[in-house]
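This report concerns only the one structure given below.
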Amino acid sequence: MATPKKPAVRPLRTLTFLAVLIAIVFGSVAAGTKWSDATWTPNLALDLEGGTQLILTPKTEDGDPITADQVNEAIRIIRQRVDASGVAEAEITSQGGQNIVVALPGTPSEETLDLVRRSAQMRFRPVLVEAGPGQIDPAQLEAAEQDPNAVDPNAVDPNADPEATDPASDPATEETTEPAADGAVRGTVGAETTPPSDDPTTEQPVEGATEEPAEEPTATTYTPEEIEAAAMAASDANGDGVLSNEPATEPTSASDQAWITEQITYDFYMLDCTDPANLVGGGGDDPDAPLVSCADDGTAKYILGPMEIAGTEISSASSGLQVTESGTVTNDYVVNIEFTSEGGETFAAVTERLASPELQANGTNRFAMVLDGLVISAPSVTAQIPNGEAQISGSTANPFTRDEATALANQLNFGALPITFEVQSEEQISATLGTEQLERGLLAGLIGLILVVIYSLFQYRGLAIVTVASLVVAGSLVYGVIALLSWVQGYRLSLPGVAGLIVAIGITADSFIVYFERIRDEVREGRRLDAAVEEGWKRARRTILASDAVNLLAAVVLYFLAVGGVRGFAFTLGLTTIIDLVVVVLFTHPMVQLLTRTKFFGEGHRLSGLDPEHLGATVSAYKGRGRFRSPEERLTIAERRRRDAESAASAGSAASPEPAEDSPDDPGGGSESVTSTSAKDGEK
């Protein structure tokens, strides 16, 4: 009877799916090398490629000692800047609890180095305009030109709802416009604005414009030149083709709309807060001039007046549950701010102006807390706060969570004593040591790989082909994925990451060993080879899944709890564990299924690694050449032993009624007679 061919379709489909997956990975990298800045060589981290190391000494303006919390907050801000600039695998650590060591791999740009050198400071500025995060929409500019009352291009971004600048008109901020009993400041970033769309190129409805019959909405894509031309047309109020940076009239306060010059308006229209590059921060803004800025989460953009209060005027900030005048503790988290005596006086004057009916009517009764050039909160003010103690809470629709309140309090505390950085040293780091270690690591991996192949040849003979092929597929996938991540995510391979790849050789080989041993166990018990492969896979699959799940869990925990290079090891360990599972399921098992349909493996050749007699099976169920043994011959060793035991038990129960000692010649007592005779013979 010939072996059926039809079942081979399923493993072929599985292998085809794996081939498509590999083609997608390497095809993406190939496309990136042709049309983008991708390379076939993965990016290397600081320890392998070298880079630039800066040692920063933080100082406070008043000379007070630096606390660990301030250093940690400074490290957090620097890391945010560096990560947002696209530099991966940067090492930012504290040295002796005082200095901050920043090591950047490769050759960082001067802009990135400036981000590290600059200090982060807290500044309080009044909000002049708030709008959605996108750039100007040329379609709305055209609508505004047809109906000048629809949109005021010098005050409101056409990408935002015209009513968005008035918090009182937003039901989500209804509570924030009610005066608090203690003069609390209430509000959160973006609570007063609900942008119609995050896509600056999508046409938005304009209030006052003539409504057209309902049609299928269509999106229009504009070129950067068209957007820039629209911004220029909307900003150039006098039409002279030159953007003025001088106020039309002398501003009377920081909240005066006269601060919005033609240049500020143009910058505001061109700012795209949906672009992560504009959320890097870095400070460097002039405290005496207006500022165009993004919310730190990219949900809104602002035109802000000059600084009115510096972060140095904050005495302390804390978070906790809100306590009412009657002493009742609510479930709402708030942030409590206490200013210095001088800062309290300034804050009282500022809140008196912001709480005026005029500013409340046009929705500009708000101040923005700007840290590192980004707005971290922009609450509204409804009453003067004369005692230098303010309370910030979320809106009814968007209350603070515990983590949000804690984070804001930490940021305000950091702003209370802003740290300035003095660059103590800046030097290039050589990768000579890292290169030597990389070579040794790769040599160790190669030796380990050779030992795995030798062991597979000795132990599994012909099945070593599957082992070697699976390792090649797994290695190719790992290399392709790392190259892809280097291009897409800026990932850099570090020396600990290489160690994770070397450890993965053992993890991958372990999966093959478990599978092969399960197959051999089934063959030893007398199963046909095709049945042994399927039954062995069912048993091995559970073990492999459990083992990989443990490895993956360990890698995830290590990645999130560790710092520095250890995270690189955890990342590659987790990546290779996932790829190991993919290769075993999509390659190893289908390959074994196909090989068992060949003459060499299917007939149990002595060099195939599946020879029943070589494995210790007493009787092979499959004779080879398409012939099978009889049902009696197909009994497994366990079944044969069980049958013999049952036969012996039946024979023993049938002979038990006859006393063994009555007749020395009784066959039932033959054994005892022989033993007795033997004993007597021994005495003689």
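A note on labels: chains of the structure tokens are A, B, ... as shown, every chain counts residues from 1, and ligands are counted from 1 in their shown order.
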
Give me the residues of region 367-388 of chain A that have any atom at most 10 Å from an atom of region 307-318 of chain A; for each, the nearest atom pair and the distance in Å, rounded to one decimal. Use only C-alpha atoms, sort by chain and number, and format it as a tab-separated table.
```
residue	atom	partner	partner_atom	distance
A:Phe367	CA	A:Glu308	CA	9.4
A:Ala368	CA	A:Met307	CA	9.6
A:Met369	CA	A:Gly311	CA	8.9
A:Val370	CA	A:Gly311	CA	9.2
A:Leu371	CA	A:Gly311	CA	8.9
A:Gly388	CA	A:Ile314	CA	9.3
```

Hey, what's within 12 Å of Phe516 (chain A) if we count only C-alpha atoms and toss same-chain stuff fewer than 6 positions away? As a PyMOL selection string, please?
chain A and resi 456+459-464+466-467+509-510+522-523+532-541+544+584+588-589+592+609-610+615

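Here the strand (DSSP E) residues in region 460-638 of chain A, by DSSP on the backbone, are Tyr622, Lys623, Gly624, Arg627 and Phe628 of chain A.
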
For region 239-269 of chain A versus region 279-297 of chain A, which residues have an atom no more than 12 Å away, and what is each residue's nearest atom pair and distance in Å rounded to one decimal, using only C-alpha atoms, chain-then-number order, as CSV?
```
residue,atom,partner,partner_atom,distance
A:Asn245,CA,A:Pro290,CA,10.5
A:Glu246,CA,A:Ala289,CA,10.8
A:Pro247,CA,A:Pro290,CA,10.6
A:Pro251,CA,A:Pro290,CA,11.3
A:Ser253,CA,A:Pro290,CA,11.7
A:Ala254,CA,A:Pro290,CA,8.5
A:Ser255,CA,A:Pro290,CA,10.0
A:Asp256,CA,A:Pro290,CA,10.6
A:Gln257,CA,A:Pro290,CA,10.4
A:Ala258,CA,A:Pro290,CA,10.3
A:Trp259,CA,A:Pro290,CA,6.5
A:Ile260,CA,A:Pro290,CA,7.7
A:Thr261,CA,A:Pro290,CA,9.3
A:Gln263,CA,A:Val292,CA,10.4
A:Ile264,CA,A:Val292,CA,7.0
A:Thr265,CA,A:Val292,CA,8.8
A:Tyr266,CA,A:Val292,CA,10.0
A:Asp267,CA,A:Val292,CA,7.0
A:Phe268,CA,A:Val292,CA,6.0
A:Tyr269,CA,A:Val292,CA,9.7
```

Write to file, as a short mmCIF file (atom, residue, chain, number, x, y, z; two decimals), in the first residue's frame, the residues of the selection just made, with N, CA and C atoms.
```cif
data_model
loop_
_atom_site.label_atom_id
_atom_site.label_comp_id
_atom_site.auth_asym_id
_atom_site.auth_seq_id
_atom_site.Cartn_x
_atom_site.Cartn_y
_atom_site.Cartn_z
N ASN A 245 7.17 91.25 13.18
CA ASN A 245 7.26 90.65 14.52
C ASN A 245 7.08 91.70 15.60
N GLU A 246 6.56 92.87 15.20
CA GLU A 246 6.31 93.94 16.15
C GLU A 246 4.82 94.04 16.42
N PRO A 247 4.43 94.17 17.70
CA PRO A 247 3.00 94.32 18.01
C PRO A 247 2.42 95.55 17.35
N PRO A 251 1.39 96.41 24.03
CA PRO A 251 0.59 95.56 24.93
C PRO A 251 0.52 96.15 26.33
N SER A 253 -0.66 94.29 28.99
CA SER A 253 -0.42 93.22 29.95
C SER A 253 0.02 91.98 29.17
N ALA A 254 0.40 90.93 29.90
CA ALA A 254 0.81 89.69 29.26
C ALA A 254 -0.35 88.99 28.57
N SER A 255 -1.59 89.37 28.95
CA SER A 255 -2.78 88.77 28.34
C SER A 255 -3.30 89.57 27.16
N ASP A 256 -2.62 90.61 26.79
CA ASP A 256 -3.07 91.46 25.69
C ASP A 256 -2.89 90.73 24.35
N GLN A 257 -3.95 90.74 23.54
CA GLN A 257 -3.90 90.09 22.24
C GLN A 257 -2.94 90.79 21.27
N ALA A 258 -2.46 91.96 21.65
CA ALA A 258 -1.53 92.68 20.78
C ALA A 258 -0.20 91.93 20.65
N TRP A 259 0.08 91.00 21.57
CA TRP A 259 1.29 90.20 21.47
C TRP A 259 1.28 89.29 20.23
N ILE A 260 0.09 89.05 19.66
CA ILE A 260 -0.01 88.15 18.51
C ILE A 260 0.34 88.93 17.25
N THR A 261 1.58 88.84 16.87
CA THR A 261 2.07 89.54 15.68
C THR A 261 1.85 88.67 14.44
N GLN A 263 4.18 87.41 12.59
CA GLN A 263 5.12 86.29 12.63
C GLN A 263 4.64 85.20 13.59
N ILE A 264 4.11 85.62 14.74
CA ILE A 264 3.59 84.65 15.71
C ILE A 264 2.42 83.89 15.10
N THR A 265 1.55 84.61 14.38
CA THR A 265 0.40 83.96 13.75
C THR A 265 0.85 82.94 12.71
N TYR A 266 1.85 83.31 11.92
CA TYR A 266 2.36 82.39 10.91
C TYR A 266 2.96 81.15 11.58
N ASP A 267 3.77 81.34 12.61
CA ASP A 267 4.36 80.20 13.32
C ASP A 267 3.28 79.30 13.91
N PHE A 268 2.23 79.92 14.40
CA PHE A 268 1.13 79.16 14.99
C PHE A 268 0.43 78.30 13.93
N TYR A 269 0.17 78.88 12.76
CA TYR A 269 -0.50 78.13 11.70
C TYR A 269 0.38 76.99 11.17
#
```

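If only C-alpha atoms are the atoms counted, then among A:Gly132, A:Pro126, A:Pro276, A:Pro399 the closest residue to Arg353 (chain A) is A:Pro126.
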
Return as a ChimeraX atom specification the full set of residues in region 220-365 of chain A whose backbone-based DSSP assignment is helix (DSSP H, G or I).
/A:224-235,257-259,262-270,276-279,311-313,341-354,357-362

Using only N, CA and C atoms, please write the residues we just selected to a file, as a compact mmCIF listing (two decimals), in the first residue's frame.
```txt
# COMPACT_ATOMS: atom_id res chain seq x y z
N PRO A 224 3.11 70.74 1.18
CA PRO A 224 3.67 71.71 2.14
C PRO A 224 3.69 73.13 1.59
N GLU A 225 3.88 73.27 0.28
CA GLU A 225 3.89 74.61 -0.31
C GLU A 225 2.52 75.26 -0.21
N GLU A 226 1.44 74.45 -0.43
CA GLU A 226 0.08 75.00 -0.34
C GLU A 226 -0.25 75.39 1.09
N ILE A 227 0.17 74.57 2.06
CA ILE A 227 -0.08 74.90 3.46
C ILE A 227 0.68 76.16 3.86
N GLU A 228 1.92 76.25 3.42
CA GLU A 228 2.72 77.44 3.74
C GLU A 228 2.13 78.69 3.10
N ALA A 229 1.64 78.58 1.88
CA ALA A 229 1.02 79.73 1.21
C ALA A 229 -0.24 80.16 1.94
N ALA A 230 -1.03 79.19 2.41
CA ALA A 230 -2.24 79.52 3.15
C ALA A 230 -1.90 80.20 4.47
N ALA A 231 -0.87 79.70 5.17
CA ALA A 231 -0.46 80.32 6.42
C ALA A 231 0.04 81.74 6.19
N MET A 232 0.75 81.92 5.11
CA MET A 232 1.26 83.26 4.79
C MET A 232 0.11 84.21 4.49
N ALA A 233 -0.86 83.75 3.71
CA ALA A 233 -2.00 84.61 3.36
C ALA A 233 -2.82 84.97 4.58
N ALA A 234 -2.98 83.99 5.53
CA ALA A 234 -3.78 84.26 6.72
C ALA A 234 -3.05 85.13 7.72
N SER A 235 -1.71 85.12 7.70
CA SER A 235 -0.93 85.85 8.70
C SER A 235 -0.60 87.28 8.27
N GLN A 257 -3.95 90.74 23.54
CA GLN A 257 -3.90 90.09 22.24
C GLN A 257 -2.94 90.79 21.27
N ALA A 258 -2.46 91.96 21.65
CA ALA A 258 -1.53 92.68 20.78
C ALA A 258 -0.20 91.93 20.65
N TRP A 259 0.08 91.00 21.57
CA TRP A 259 1.29 90.20 21.47
C TRP A 259 1.28 89.29 20.23
N GLU A 262 2.18 89.24 13.29
CA GLU A 262 2.05 88.47 12.05
C GLU A 262 2.97 87.24 12.06
N GLN A 263 4.18 87.41 12.59
CA GLN A 263 5.12 86.29 12.63
C GLN A 263 4.64 85.20 13.59
N ILE A 264 4.11 85.62 14.74
CA ILE A 264 3.59 84.65 15.71
C ILE A 264 2.42 83.89 15.10
N THR A 265 1.55 84.61 14.38
CA THR A 265 0.40 83.96 13.75
C THR A 265 0.85 82.94 12.71
N TYR A 266 1.85 83.31 11.92
CA TYR A 266 2.36 82.39 10.91
C TYR A 266 2.96 81.15 11.58
N ASP A 267 3.77 81.34 12.61
CA ASP A 267 4.36 80.20 13.32
C ASP A 267 3.28 79.30 13.91
N PHE A 268 2.23 79.92 14.40
CA PHE A 268 1.13 79.16 14.99
C PHE A 268 0.43 78.30 13.93
N TYR A 269 0.17 78.88 12.76
CA TYR A 269 -0.50 78.13 11.70
C TYR A 269 0.38 76.99 11.17
N MET A 270 1.68 77.20 11.15
CA MET A 270 2.59 76.19 10.59
C MET A 270 2.96 75.10 11.59
N PRO A 276 5.78 64.09 16.16
CA PRO A 276 6.55 63.85 17.38
C PRO A 276 7.80 64.72 17.48
N ALA A 277 8.32 65.17 16.35
CA ALA A 277 9.52 66.01 16.40
C ALA A 277 9.25 67.33 17.11
N ASN A 278 8.00 67.78 17.15
CA ASN A 278 7.65 69.03 17.81
C ASN A 278 7.29 68.83 19.27
N LEU A 279 7.42 67.62 19.77
CA LEU A 279 7.12 67.33 21.18
C LEU A 279 8.38 66.99 21.95
N GLY A 311 9.22 79.35 37.67
CA GLY A 311 9.06 78.17 38.51
C GLY A 311 9.75 78.28 39.84
N THR A 312 10.73 79.16 39.95
CA THR A 312 11.42 79.35 41.23
C THR A 312 10.51 79.92 42.30
N GLU A 313 9.36 80.46 41.89
CA GLU A 313 8.44 81.05 42.87
C GLU A 313 7.52 80.01 43.49
N SER A 341 6.38 83.96 49.18
CA SER A 341 5.67 85.21 49.50
C SER A 341 5.66 86.15 48.31
N GLU A 342 6.81 86.29 47.65
CA GLU A 342 6.87 87.16 46.48
C GLU A 342 6.07 86.57 45.32
N GLY A 343 6.20 85.26 45.13
CA GLY A 343 5.44 84.62 44.07
C GLY A 343 3.94 84.66 44.34
N GLY A 344 3.54 84.58 45.61
CA GLY A 344 2.13 84.67 45.96
C GLY A 344 1.54 86.01 45.61
N GLU A 345 2.30 87.08 45.83
CA GLU A 345 1.80 88.41 45.48
C GLU A 345 1.64 88.54 43.96
N THR A 346 2.62 88.05 43.22
CA THR A 346 2.53 88.11 41.76
C THR A 346 1.36 87.26 41.27
N PHE A 347 1.20 86.07 41.85
CA PHE A 347 0.12 85.18 41.44
C PHE A 347 -1.25 85.79 41.74
N ALA A 348 -1.36 86.52 42.84
CA ALA A 348 -2.62 87.18 43.17
C ALA A 348 -2.98 88.22 42.12
N ALA A 349 -1.97 89.00 41.69
CA ALA A 349 -2.23 90.02 40.67
C ALA A 349 -2.59 89.37 39.34
N VAL A 350 -1.92 88.29 38.99
CA VAL A 350 -2.19 87.62 37.72
C VAL A 350 -3.59 87.02 37.72
N THR A 351 -3.96 86.32 38.79
CA THR A 351 -5.29 85.70 38.85
C THR A 351 -6.40 86.75 38.91
N GLU A 352 -6.12 87.90 39.49
CA GLU A 352 -7.13 88.97 39.50
C GLU A 352 -7.43 89.41 38.08
N ARG A 353 -6.39 89.55 37.27
CA ARG A 353 -6.59 89.96 35.87
C ARG A 353 -7.27 88.85 35.06
N LEU A 354 -6.80 87.59 35.25
CA LEU A 354 -7.37 86.49 34.47
C LEU A 354 -8.83 86.23 34.82
N PRO A 357 -14.13 89.70 34.10
CA PRO A 357 -15.25 89.29 33.22
C PRO A 357 -14.88 89.32 31.74
N GLU A 358 -14.04 90.29 31.35
CA GLU A 358 -13.67 90.40 29.94
C GLU A 358 -12.93 89.15 29.46
N LEU A 359 -11.92 88.71 30.24
CA LEU A 359 -11.15 87.53 29.83
C LEU A 359 -11.97 86.25 29.98
N GLN A 360 -12.85 86.21 30.98
CA GLN A 360 -13.71 85.03 31.11
C GLN A 360 -14.68 84.94 29.94
N ALA A 361 -15.09 86.08 29.43
CA ALA A 361 -16.05 86.08 28.32
C ALA A 361 -15.43 85.55 27.04
N ASN A 362 -14.16 85.88 26.78
CA ASN A 362 -13.55 85.41 25.54
C ASN A 362 -12.72 84.14 25.73
```

Per-residue nearest contacts region 414-526 of chain A to region 21-32 of chain A, cut-off 8 Å, using only C-alpha atoms, as a tab-separated table:
```
residue	atom	partner	partner_atom	distance
A:Leu477	CA	A:Ile22	CA	6.6
A:Gly480	CA	A:Phe26	CA	5.9
A:Val481	CA	A:Val25	CA	6.6
A:Ala483	CA	A:Val29	CA	7.0
A:Leu484	CA	A:Val29	CA	5.7
A:Trp487	CA	A:Gly32	CA	7.6
```

How would the residues just picked look written out with C-alpha atoms as a compact mmCIF listing (two decimals), in the first residue's frame?
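The result, written out as again-v4.txt:
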```
# COMPACT_ATOMS: atom_id res chain seq x y z
CA LEU A 477 14.37 35.89 10.79
CA GLY A 480 15.84 40.57 9.35
CA VAL A 481 13.64 41.71 12.24
CA ALA A 483 17.50 45.23 10.72
CA LEU A 484 13.86 46.26 10.25
CA TRP A 487 15.26 51.33 10.46
```

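Shortest separation to Thr57 (chain A) among A:Thr420, A:Thr401, A:Thr33, A:Thr382 occurs at residue A:Thr420, atoms counted being only C-alpha atoms.
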
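Near Glu427 (chain A), within 10 Å and counting only C-alpha atoms, sit Gly51, Thr52, Gln53, Leu54, Ile55 and Ala103 of chain A, not including residues fewer than 5 positions from it in the same chain.
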
Please provide the set of residues having any atom within 6 Å of Ser319 (chain A), restricted to only C-alpha atoms, with same-chain residues fewer than 6 positions apart removed, written as a ChimeraX atom specification.
/A:334-335,405-406,409

Counting only C-alpha atoms, which residue out of A:Gly394, A:Gly497, A:Gly574, A:Gly134 sits closest to Pro42 (chain A)?
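Result for the nearest residue to Pro42 (chain A): A:Gly497.
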
Quick check, in Å to one decimal: how far apart do CA of Ile482 (chain A) and CA of Asn43 (chain A) lie?
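Distance between the two atoms: 8.7 Å.
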
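From CA of Tyr515 (chain A) back to CA of Ile579 (chain A), the distance works out to 16.5 Å.
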